[in-house]
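For reference, the structure discussed in these notes is given below.
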Amino acid sequence: MNISTRIKNMNYSPIRNIVPSLENAKNKNLNVYEMHIGQPNIKTPDAFFDGINNYKEKIIKYENSAGSHATIKAFCQMYKNAKIDLTEDEILITHGGSEAIMFAIQTICDPGDEVIIFEPFYSNYDSFIKCASVKPCPIRLDANNDYKIPPYKTLQKAITNKTKAILLSNPNNPLGTILSKDEMHTIAQLAIEYDLFIITDEVYRQFVYDNCYYESFMNIDGLTDRCVLVDSISKHYSACGARIGVLATKNKEFYSQALKLCQARLSVSTIEQIASANLIYTMDSYADNVRGEYMRRRDVFCTELSKIDGVDFVFPKSAFYVFATLPVDDTQSFVRFLLEDFEHNGETLSFAPGAGFYINADIKNAARFSFCANACDELKTAAKLLKIGINEYKK
Ligand SMILES: Cc1ncc(COP(=O)(O)O)c(C=O)c1O
């Protein structure tokens with residue numbers, strides 16, 4: 001009996017990989033500032049729980065494969081408010097943004113096809129692409145150029161006759177960057193010239209700071225038919241465990257073919273969909289408040305981070321991550337050290353080693369810190385622990 005090469009070629013999540021060391025630290029009664037994962041500590045709005053409590057059916061039935069009418073309608077209204085033009089028959093409800101990305105790749109690509117991703121990327125992109133027997137083709141973004149999209153001519157070099165799509169997150173995880181109008185047009189031009197889909201993952205859409213420019217790829221001229229939007233309530237509403245996402249497109253052929261995948265997995269959780277619909281309708285001010293809180297956290301953590309010798313990062317303008325280089329040889333062994341061999345006053349911290357956000361894992365000194373899981377004063381302490389930890393590790 002053999003396990004498929006396809007699955008063996010996938011990597012374990014660099015984020016979830018540190019869990020055994022984390023558990024170990026917690027078992028030693030250490031207080032760990034968890035900065036490795038994008039799990040907000042902000043309360044899920046009551047509207048979600050009200051939606052669950054209002055469920056009075058005696059049987060939990062399957063929902064429609066495309067999603068419940070109420071949930072689709074709620075998302076449709078949400079997009080209308082956000083000035084993204086999508087009708088109800090252009091929206092599929094999925095098990096989180098994760099399933100939406102998997103379905104998008106499977107719908108667009110045959111085995112052996114290629115998908116362009118910008119490096120560093122959300123680490124699961126590599127897994128989603130590989131599990132469809134598709135090849136991830138990374139284009140590396142340069143820290144010295146503020147992780148900007150390279151010139152058109154550089155992008156063109158990554159295209160082959162197997163390239164089918166560009167998969168990107170905007171706002172960006174892990175970088176916290178946001179694409180400028182020019183960068184978006186460069187990507188759009190590439191997609192149009194080489195007849196590619198753009199799988200635009202906008203799960204951090206509501207967390208753009210400092211009045212930076214943000215536009216959905218859905219609204220860029222000339223892309224109507226080649227854009228596939230990935231969205232989710234996980235981050236927007238601090239409801240990661242609800243597992244409710246969206247795959248949306250104006251491309252009728254894509255929609256009707258992707259529907260086969262939705263039908264094959266029957267339906268998305270009935271009660272969570274009802275609760276999500278309730279949530280989306282009642283949550284106008286929620287995102288504004290949360291955005292303000294994340295900005296404060298970002299400012300506190302980045303201020304402290306910039307005081308540590310040898311730490312370098314691009315100040316995040318979106319999402320809730322800081323991608324930094326640290327003055328250590330290998331952040332994988334450094335995070336293990338922090339969790340297994342270090343403590344200061346009974347406390348330590350975790351982060352996600354940066355190598356897992358690159359195909360070849362050759363960037364050894366990078367780290368992604370998530371600032372969504374801790375309050376400002378905790379982030380201040382976490383940064384201080386990081387400084388002490390670096391010094392101890394170097395000894
Ligand atoms: C960029 C990006 N896309 C998609 C997801 C998947 O989110 P979910 O499946 O919880 O909707 C995440 C989760 O962290 C993410 O950071």
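In the structure tokens, each chain is lettered A, B, ... as it comes, each chain's residues begin at 1, and ligands are numbered from 1 in order of appearance.
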
Open item on the list: Can you pull out the residues contacting Ser350 (chain A)? Cut-off 12 Å, using only C-alpha atoms, and skip same-chain residues under 3 positions away; I want them as an MDAnalysis selection string.
Closed with: chainID A and resid 15:23 25:26 30:37 331:340 342:343 347 353 367:371 373:374 379 382:383 385:386 389

TODO: Please extract the residues at most 6 Å from ligand 1, counting only C-alpha atoms and all ligand atoms, and provide them as a list in words, using the chain letters and residue numbers of this document.
DONE: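 What falls inside 6 Å of ligand 1 is Gly38, Gly96, Gly97, Ser98, Tyr122, Ser169, Asn173, Asp201, Val203, Ser232, Ser234, Cys240, Arg243 and Gly245 of chain A.
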
TODO: Find the spatial neighbours of Gly176 (chain A), counting only C-alpha atoms, within a cut-off of 8 Å - ignore same-chain residues fewer than 6 positions away - and output them as a ChimeraX atom specification.
DONE: /A:315-323

Please write the residues from the selection above to a file, keeping N, CA and C atoms, as a PDB file, in the first residue's frame.
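Written output follows (out32.pdb):
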```
ATOM      1  N   PHE A 315       6.601  48.220   7.087  1.00  0.00           N
ATOM      2  CA  PHE A 315       5.457  48.582   7.936  1.00  0.00           C
ATOM      3  C   PHE A 315       4.144  48.152   7.270  1.00  0.00           C
ATOM      4  N   PRO A 316       3.352  47.301   7.947  1.00  0.00           N
ATOM      5  CA  PRO A 316       2.140  46.782   7.292  1.00  0.00           C
ATOM      6  C   PRO A 316       1.034  47.830   7.125  1.00  0.00           C
ATOM      7  N   LYS A 317       0.408  47.786   5.989  1.00  0.00           N
ATOM      8  CA  LYS A 317      -0.675  48.726   5.665  1.00  0.00           C
ATOM      9  C   LYS A 317      -2.032  48.035   5.635  1.00  0.00           C
ATOM     10  N   SER A 318      -2.028  46.724   5.881  1.00  0.00           N
ATOM     11  CA  SER A 318      -3.286  45.976   5.786  1.00  0.00           C
ATOM     12  C   SER A 318      -3.148  44.656   6.546  1.00  0.00           C
ATOM     13  N   ALA A 319      -4.270  43.933   6.630  1.00  0.00           N
ATOM     14  CA  ALA A 319      -4.323  42.623   7.312  1.00  0.00           C
ATOM     15  C   ALA A 319      -3.823  42.762   8.758  1.00  0.00           C
ATOM     16  N   PHE A 320      -3.299  41.668   9.341  1.00  0.00           N
ATOM     17  CA  PHE A 320      -2.798  41.821  10.714  1.00  0.00           C
ATOM     18  C   PHE A 320      -1.523  41.019  10.963  1.00  0.00           C
ATOM     19  N   TYR A 321      -0.577  41.202  10.038  1.00  0.00           N
ATOM     20  CA  TYR A 321       0.709  40.503  10.150  1.00  0.00           C
ATOM     21  C   TYR A 321       1.868  41.473   9.907  1.00  0.00           C
ATOM     22  N   VAL A 322       3.004  41.156  10.543  1.00  0.00           N
ATOM     23  CA  VAL A 322       4.251  41.841  10.221  1.00  0.00           C
ATOM     24  C   VAL A 322       5.226  40.761   9.768  1.00  0.00           C
ATOM     25  N   PHE A 323       5.823  40.960   8.601  1.00  0.00           N
ATOM     26  CA  PHE A 323       6.797  40.001   8.081  1.00  0.00           C
ATOM     27  C   PHE A 323       8.169  40.635   8.257  1.00  0.00           C
TER      28      PHE A 323
END
```

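Residues of region 319-384 of chain A that DSSP places in strand (DSSP E), based on the backbone of this structure, are Tyr321, Val322, Phe323, Ala324, Thr325, Glu347, Thr348, Leu349, Ser350, Phe351, Ala352, Pro353, Ala366, Ala367, Arg368, Phe369 and Ser370 of chain A.
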
Deliver the residues from the most recent selection as a file, using N, CA, C and O atoms, as a PDB file, in the first residue's frame.
```pdb
ATOM      1  N   TYR A 321      -0.577  41.202  10.038  1.00  0.00           N
ATOM      2  CA  TYR A 321       0.709  40.503  10.150  1.00  0.00           C
ATOM      3  C   TYR A 321       1.868  41.473   9.907  1.00  0.00           C
ATOM      4  O   TYR A 321       1.733  42.433   9.153  1.00  0.00           O
ATOM      5  N   VAL A 322       3.004  41.156  10.543  1.00  0.00           N
ATOM      6  CA  VAL A 322       4.251  41.841  10.221  1.00  0.00           C
ATOM      7  C   VAL A 322       5.226  40.761   9.768  1.00  0.00           C
ATOM      8  O   VAL A 322       5.427  39.766  10.477  1.00  0.00           O
ATOM      9  N   PHE A 323       5.823  40.960   8.601  1.00  0.00           N
ATOM     10  CA  PHE A 323       6.797  40.001   8.081  1.00  0.00           C
ATOM     11  C   PHE A 323       8.169  40.635   8.257  1.00  0.00           C
ATOM     12  O   PHE A 323       8.481  41.661   7.645  1.00  0.00           O
ATOM     13  N   ALA A 324       8.971  40.039   9.138  1.00  0.00           N
ATOM     14  CA  ALA A 324      10.232  40.691   9.515  1.00  0.00           C
ATOM     15  C   ALA A 324      11.421  39.754   9.309  1.00  0.00           C
ATOM     16  O   ALA A 324      11.259  38.532   9.296  1.00  0.00           O
ATOM     17  N   THR A 325      12.600  40.334   9.142  1.00  0.00           N
ATOM     18  CA  THR A 325      13.816  39.513   9.199  1.00  0.00           C
ATOM     19  C   THR A 325      14.455  39.754  10.570  1.00  0.00           C
ATOM     20  O   THR A 325      14.474  40.886  11.069  1.00  0.00           O
ATOM     21  N   GLU A 347       7.180  33.622  30.920  1.00  0.00           N
ATOM     22  CA  GLU A 347       6.498  33.945  29.663  1.00  0.00           C
ATOM     23  C   GLU A 347       7.408  33.740  28.461  1.00  0.00           C
ATOM     24  O   GLU A 347       8.634  33.808  28.565  1.00  0.00           O
ATOM     25  N   THR A 348       6.784  33.509  27.296  1.00  0.00           N
ATOM     26  CA  THR A 348       7.517  33.467  26.029  1.00  0.00           C
ATOM     27  C   THR A 348       6.544  33.826  24.901  1.00  0.00           C
ATOM     28  O   THR A 348       5.411  34.228  25.161  1.00  0.00           O
ATOM     29  N   LEU A 349       6.994  33.691  23.651  1.00  0.00           N
ATOM     30  CA  LEU A 349       6.108  34.007  22.526  1.00  0.00           C
ATOM     31  C   LEU A 349       6.333  33.024  21.386  1.00  0.00           C
ATOM     32  O   LEU A 349       7.333  32.285  21.382  1.00  0.00           O
ATOM     33  N   SER A 350       5.378  33.019  20.462  1.00  0.00           N
ATOM     34  CA  SER A 350       5.525  32.183  19.258  1.00  0.00           C
ATOM     35  C   SER A 350       5.350  33.065  18.032  1.00  0.00           C
ATOM     36  O   SER A 350       4.724  34.123  18.105  1.00  0.00           O
ATOM     37  N   PHE A 351       5.910  32.612  16.901  1.00  0.00           N
ATOM     38  CA  PHE A 351       5.684  33.287  15.601  1.00  0.00           C
ATOM     39  C   PHE A 351       5.769  32.210  14.530  1.00  0.00           C
ATOM     40  O   PHE A 351       6.147  31.064  14.824  1.00  0.00           O
ATOM     41  N   ALA A 352       5.417  32.548  13.313  1.00  0.00           N
ATOM     42  CA  ALA A 352       5.515  31.578  12.216  1.00  0.00           C
ATOM     43  C   ALA A 352       6.836  31.781  11.467  1.00  0.00           C
ATOM     44  O   ALA A 352       7.083  32.892  10.974  1.00  0.00           O
ATOM     45  N   PRO A 353       7.693  30.756  11.395  1.00  0.00           N
ATOM     46  CA  PRO A 353       8.948  30.907  10.664  1.00  0.00           C
ATOM     47  C   PRO A 353       8.679  31.248   9.188  1.00  0.00           C
ATOM     48  O   PRO A 353       7.767  30.700   8.575  1.00  0.00           O
ATOM     49  N   ALA A 366      13.545  34.918   8.224  1.00  0.00           N
ATOM     50  CA  ALA A 366      12.292  35.681   8.249  1.00  0.00           C
ATOM     51  C   ALA A 366      11.299  35.089   9.248  1.00  0.00           C
ATOM     52  O   ALA A 366      11.365  33.905   9.598  1.00  0.00           O
ATOM     53  N   ALA A 367      10.369  35.933   9.676  1.00  0.00           N
ATOM     54  CA  ALA A 367       9.346  35.502  10.637  1.00  0.00           C
ATOM     55  C   ALA A 367       8.076  36.299  10.392  1.00  0.00           C
ATOM     56  O   ALA A 367       8.135  37.487  10.082  1.00  0.00           O
ATOM     57  N   ARG A 368       6.927  35.623  10.531  1.00  0.00           N
ATOM     58  CA  ARG A 368       5.658  36.350  10.441  1.00  0.00           C
ATOM     59  C   ARG A 368       5.045  36.433  11.833  1.00  0.00           C
ATOM     60  O   ARG A 368       4.830  35.414  12.486  1.00  0.00           O
ATOM     61  N   PHE A 369       4.774  37.671  12.263  1.00  0.00           N
ATOM     62  CA  PHE A 369       4.121  37.903  13.555  1.00  0.00           C
ATOM     63  C   PHE A 369       2.683  38.347  13.307  1.00  0.00           C
ATOM     64  O   PHE A 369       2.445  39.273  12.523  1.00  0.00           O
ATOM     65  N   SER A 370       1.760  37.684  13.967  1.00  0.00           N
ATOM     66  CA  SER A 370       0.363  38.073  13.851  1.00  0.00           C
ATOM     67  C   SER A 370       0.007  38.949  15.050  1.00  0.00           C
ATOM     68  O   SER A 370       0.287  38.578  16.192  1.00  0.00           O
TER      69      SER A 370
END
```

- [ ] Measuring atom to atom with only C-alpha atoms, identify which of A:Ala361, A:Ile105, A:Ile117, A:Cys131 is nearest to Asn172 (chain A).
- [x]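 Closest to Asn172 (chain A), using only C-alpha atoms: A:Ile117.
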
- [ ] Can you list, as a PyMOL selection string, all residues belonging to region 164-207 of chain A that DSSP tags as helix (DSSP H, G or I)?
- [x] chain A and resi 181-193

Output file for the residues above (N, CA, C and O atoms, as a tab-separated table (two decimals), in the first residue's frame):
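What landed in result.tsv:
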```tsv
chain	number	residue	atom	x	y	z
A	181	LYS	N	-2.73	50.97	-7.50
A	181	LYS	CA	-3.48	50.94	-8.77
A	181	LYS	C	-2.57	50.44	-9.90
A	181	LYS	O	-2.97	49.59	-10.70
A	182	ASP	N	-1.33	50.94	-9.93
A	182	ASP	CA	-0.41	50.56	-11.01
A	182	ASP	C	-0.08	49.07	-10.95
A	182	ASP	O	-0.03	48.40	-11.98
A	183	GLU	N	0.16	48.58	-9.73
A	183	GLU	CA	0.48	47.15	-9.59
A	183	GLU	C	-0.70	46.29	-10.06
A	183	GLU	O	-0.52	45.28	-10.74
A	184	MET	N	-1.90	46.73	-9.70
A	184	MET	CA	-3.08	45.96	-10.11
A	184	MET	C	-3.21	45.96	-11.63
A	184	MET	O	-3.55	44.94	-12.24
A	185	HIS	N	-2.90	47.09	-12.23
A	185	HIS	CA	-3.02	47.15	-13.70
A	185	HIS	C	-1.96	46.32	-14.38
A	185	HIS	O	-2.21	45.73	-15.43
A	186	THR	N	-0.78	46.24	-13.78
A	186	THR	CA	0.27	45.39	-14.35
A	186	THR	C	-0.20	43.93	-14.33
A	186	THR	O	-0.06	43.20	-15.33
A	187	ILE	N	-0.76	43.51	-13.21
A	187	ILE	CA	-1.24	42.12	-13.09
A	187	ILE	C	-2.41	41.88	-14.06
A	187	ILE	O	-2.48	40.85	-14.74
A	188	ALA	N	-3.29	42.87	-14.14
A	188	ALA	CA	-4.45	42.74	-15.05
A	188	ALA	C	-3.98	42.60	-16.49
A	188	ALA	O	-4.49	41.76	-17.25
A	189	GLN	N	-2.99	43.42	-16.85
A	189	GLN	CA	-2.46	43.39	-18.23
A	189	GLN	C	-1.89	42.01	-18.56
A	189	GLN	O	-2.13	41.45	-19.64
A	190	LEU	N	-1.19	41.44	-17.58
A	190	LEU	CA	-0.60	40.11	-17.76
A	190	LEU	C	-1.70	39.06	-17.97
A	190	LEU	O	-1.62	38.21	-18.88
A	191	ALA	N	-2.74	39.15	-17.13
A	191	ALA	CA	-3.83	38.19	-17.24
A	191	ALA	C	-4.52	38.29	-18.59
A	191	ALA	O	-4.85	37.27	-19.22
A	192	ILE	N	-4.70	39.51	-19.03
A	192	ILE	CA	-5.41	39.69	-20.31
A	192	ILE	C	-4.53	39.21	-21.47
A	192	ILE	O	-4.97	38.45	-22.33
A	193	GLU	N	-3.24	39.61	-21.46
A	193	GLU	CA	-2.36	39.24	-22.58
A	193	GLU	C	-2.19	37.72	-22.69
A	193	GLU	O	-2.16	37.17	-23.79
```

- [ ] Write out as a PyMOL selection string the residues lying within 8 Å of Ser238 (chain A), counting only C-alpha atoms and excluding same-chain residues fewer than 2 positions away.
- [x] chain A and resi 39-45+233-236+240

Open item on the list: When you look at region 138-152 of chain A with a cut-off of 7 Å (counting only C-alpha atoms), what residues show up, excluding the ones that are within fewer than 2 positions of it in the same chain? I need them as a PyMOL selection string.
Closed with: chain A and resi 116-120+136+154-156+183+186+314

Could those selected residues go to a file with N, CA, C and O atoms, as a PDB file, in the first residue's frame?
```
ATOM      1  N   ILE A 116       0.667  31.000 -11.068  1.00  0.00           N
ATOM      2  CA  ILE A 116       1.630  32.005 -10.582  1.00  0.00           C
ATOM      3  C   ILE A 116       1.225  32.457  -9.176  1.00  0.00           C
ATOM      4  O   ILE A 116       0.055  32.768  -8.935  1.00  0.00           O
ATOM      5  N   ILE A 117       2.204  32.474  -8.273  1.00  0.00           N
ATOM      6  CA  ILE A 117       1.969  33.061  -6.945  1.00  0.00           C
ATOM      7  C   ILE A 117       3.133  33.997  -6.610  1.00  0.00           C
ATOM      8  O   ILE A 117       4.247  33.798  -7.099  1.00  0.00           O
ATOM      9  N   PHE A 118       2.848  35.019  -5.831  1.00  0.00           N
ATOM     10  CA  PHE A 118       3.904  35.951  -5.438  1.00  0.00           C
ATOM     11  C   PHE A 118       4.471  35.523  -4.098  1.00  0.00           C
ATOM     12  O   PHE A 118       3.720  35.270  -3.149  1.00  0.00           O
ATOM     13  N   GLU A 119       5.784  35.469  -4.033  1.00  0.00           N
ATOM     14  CA  GLU A 119       6.501  34.981  -2.852  1.00  0.00           C
ATOM     15  C   GLU A 119       7.016  36.146  -2.014  1.00  0.00           C
ATOM     16  O   GLU A 119       7.624  37.057  -2.612  1.00  0.00           O
ATOM     17  N   PRO A 120       6.857  36.154  -0.693  1.00  0.00           N
ATOM     18  CA  PRO A 120       6.215  35.130   0.130  1.00  0.00           C
ATOM     19  C   PRO A 120       4.694  35.141  -0.058  1.00  0.00           C
ATOM     20  O   PRO A 120       4.111  36.194  -0.311  1.00  0.00           O
ATOM     21  N   PRO A 136       3.089  25.139  -8.568  1.00  0.00           N
ATOM     22  CA  PRO A 136       3.154  26.551  -8.163  1.00  0.00           C
ATOM     23  C   PRO A 136       4.373  27.221  -8.799  1.00  0.00           C
ATOM     24  O   PRO A 136       5.477  26.681  -8.733  1.00  0.00           O
ATOM     25  N   THR A 154       9.489  41.280 -16.058  1.00  0.00           N
ATOM     26  CA  THR A 154       9.884  40.220 -15.117  1.00  0.00           C
ATOM     27  C   THR A 154       8.733  39.225 -14.963  1.00  0.00           C
ATOM     28  O   THR A 154       8.947  38.012 -14.928  1.00  0.00           O
ATOM     29  N   LEU A 155       7.523  39.759 -14.858  1.00  0.00           N
ATOM     30  CA  LEU A 155       6.359  38.881 -14.705  1.00  0.00           C
ATOM     31  C   LEU A 155       6.217  37.960 -15.917  1.00  0.00           C
ATOM     32  O   LEU A 155       5.927  36.762 -15.782  1.00  0.00           O
ATOM     33  N   GLN A 156       6.435  38.525 -17.087  1.00  0.00           N
ATOM     34  CA  GLN A 156       6.271  37.748 -18.338  1.00  0.00           C
ATOM     35  C   GLN A 156       7.157  36.505 -18.353  1.00  0.00           C
ATOM     36  O   GLN A 156       6.780  35.475 -18.894  1.00  0.00           O
ATOM     37  N   GLU A 183       0.156  48.579  -9.729  1.00  0.00           N
ATOM     38  CA  GLU A 183       0.479  47.151  -9.591  1.00  0.00           C
ATOM     39  C   GLU A 183      -0.700  46.293 -10.056  1.00  0.00           C
ATOM     40  O   GLU A 183      -0.522  45.285 -10.740  1.00  0.00           O
ATOM     41  N   THR A 186      -0.782  46.239 -13.782  1.00  0.00           N
ATOM     42  CA  THR A 186       0.270  45.386 -14.349  1.00  0.00           C
ATOM     43  C   THR A 186      -0.196  43.927 -14.334  1.00  0.00           C
ATOM     44  O   THR A 186      -0.057  43.199 -15.332  1.00  0.00           O
ATOM     45  N   VAL A 314       8.853  45.694   6.650  1.00  0.00           N
ATOM     46  CA  VAL A 314       8.108  46.722   5.921  1.00  0.00           C
ATOM     47  C   VAL A 314       6.823  46.972   6.723  1.00  0.00           C
ATOM     48  O   VAL A 314       6.078  46.028   7.019  1.00  0.00           O
TER      49      VAL A 314
END
```

Open item on the list: Using only C-alpha atoms, can you tell me which of A:Ile363, A:Ala277, A:Ile244, A:Met78 comes closest to Leu326 (chain A)?
Closed with: A:Ile363

Open item on the list: From the options A:Leu266, A:Ile108, A:Val230, A:Ile129, which residue's atoms come nearest to Leu196 (chain A), counting only C-alpha atoms?
Closed with: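 When distances to Leu196 (chain A) are compared using only C-alpha atoms, the smallest one comes from A:Ile108.
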
Task: Nearest to Met10 (chain A), chosen from A:Ile198, A:Ala132, A:Ile390, A:Ile84, with only C-alpha atoms counted in the distances - done: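 Nearest to Met10 (chain A): A:Ala132.
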
Task: Computed interatomic separation between CA of Cys109 (chain A) and CA of Cys137 (chain A) (Å) - done: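 Computing it gives 13.4 Å between the two atoms.
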
Determine, counting only C-alpha atoms, which protein, DNA and RNA residues have an atom within 8 Å of an atom of region 65-72 of chain A; residues of the same chain fewer than 6 positions away are not included. Present the result as a PDB file with N, CA and C atoms, in the first residue's frame.
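Saved the output as around-v1.pdb:
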```pdb
ATOM      1  N   GLU A  88     -26.853  37.289  -7.047  1.00  0.00           N
ATOM      2  CA  GLU A  88     -26.970  36.061  -6.249  1.00  0.00           C
ATOM      3  C   GLU A  88     -26.524  34.815  -7.005  1.00  0.00           C
ATOM      4  N   ILE A  91     -22.585  33.795  -6.808  1.00  0.00           N
ATOM      5  CA  ILE A  91     -21.951  33.548  -5.503  1.00  0.00           C
ATOM      6  C   ILE A  91     -22.166  32.099  -5.063  1.00  0.00           C
ATOM      7  N   LEU A  92     -21.084  31.429  -4.716  1.00  0.00           N
ATOM      8  CA  LEU A  92     -21.165  30.076  -4.146  1.00  0.00           C
ATOM      9  C   LEU A  92     -20.663  30.148  -2.707  1.00  0.00           C
ATOM     10  N   ILE A  93     -21.376  29.522  -1.789  1.00  0.00           N
ATOM     11  CA  ILE A  93     -20.921  29.489  -0.391  1.00  0.00           C
ATOM     12  C   ILE A  93     -20.032  28.250  -0.226  1.00  0.00           C
ATOM     13  N   THR A  94     -18.899  28.455   0.443  1.00  0.00           N
ATOM     14  CA  THR A  94     -17.920  27.364   0.605  1.00  0.00           C
ATOM     15  C   THR A  94     -17.537  27.197   2.087  1.00  0.00           C
ATOM     16  N   LEU A 259     -19.787  24.533  -9.609  1.00  0.00           N
ATOM     17  CA  LEU A 259     -20.976  24.029  -8.902  1.00  0.00           C
ATOM     18  C   LEU A 259     -20.932  22.500  -8.766  1.00  0.00           C
ATOM     19  N   CYS A 262     -19.230  21.782  -5.653  1.00  0.00           N
ATOM     20  CA  CYS A 262     -20.128  22.082  -4.520  1.00  0.00           C
ATOM     21  C   CYS A 262     -21.142  20.952  -4.360  1.00  0.00           C
ATOM     22  N   GLN A 263     -21.650  20.454  -5.465  1.00  0.00           N
ATOM     23  CA  GLN A 263     -22.634  19.365  -5.384  1.00  0.00           C
ATOM     24  C   GLN A 263     -21.985  18.092  -4.849  1.00  0.00           C
ATOM     25  N   ARG A 265     -19.601  17.781  -2.727  1.00  0.00           N
ATOM     26  CA  ARG A 265     -19.465  17.802  -1.265  1.00  0.00           C
ATOM     27  C   ARG A 265     -20.819  18.139  -0.596  1.00  0.00           C
ATOM     28  N   LEU A 266     -21.860  18.055  -1.361  1.00  0.00           N
ATOM     29  CA  LEU A 266     -23.254  18.187  -0.912  1.00  0.00           C
ATOM     30  C   LEU A 266     -23.630  19.597  -0.458  1.00  0.00           C
ATOM     31  N   SER A 267     -23.148  19.997   0.715  1.00  0.00           N
ATOM     32  CA  SER A 267     -23.517  21.359   1.138  1.00  0.00           C
ATOM     33  C   SER A 267     -22.592  21.822   2.255  1.00  0.00           C
ATOM     34  N   VAL A 268     -22.673  23.113   2.543  1.00  0.00           N
ATOM     35  CA  VAL A 268     -21.934  23.697   3.665  1.00  0.00           C
ATOM     36  C   VAL A 268     -22.869  23.679   4.885  1.00  0.00           C
ATOM     37  N   THR A 270     -25.437  23.845   7.630  1.00  0.00           N
ATOM     38  CA  THR A 270     -26.704  24.568   7.584  1.00  0.00           C
ATOM     39  C   THR A 270     -26.786  25.655   8.667  1.00  0.00           C
ATOM     40  N   GLN A 273     -24.461  28.629   8.291  1.00  0.00           N
ATOM     41  CA  GLN A 273     -24.899  29.545   7.221  1.00  0.00           C
ATOM     42  C   GLN A 273     -25.987  30.485   7.716  1.00  0.00           C
ATOM     43  N   ILE A 274     -26.931  29.931   8.477  1.00  0.00           N
ATOM     44  CA  ILE A 274     -28.010  30.777   9.015  1.00  0.00           C
ATOM     45  C   ILE A 274     -27.418  31.844   9.933  1.00  0.00           C
ATOM     46  N   SER A 276     -24.423  33.015   9.908  1.00  0.00           N
ATOM     47  CA  SER A 276     -23.616  33.976   9.138  1.00  0.00           C
ATOM     48  C   SER A 276     -24.499  35.013   8.476  1.00  0.00           C
ATOM     49  N   ALA A 277     -25.632  34.566   7.947  1.00  0.00           N
ATOM     50  CA  ALA A 277     -26.541  35.509   7.287  1.00  0.00           C
ATOM     51  C   ALA A 277     -26.975  36.563   8.311  1.00  0.00           C
TER      52      ALA A 277
END
```

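You will find CA of Asp126 (chain A) at 15.9 Å from CA of Asp110 (chain A).
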
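Counting only C-alpha atoms, the residue from A:Asn11, A:Tyr79, A:Asn345, A:Asp85 that sits nearest to Asn219 (chain A) is A:Asp85.
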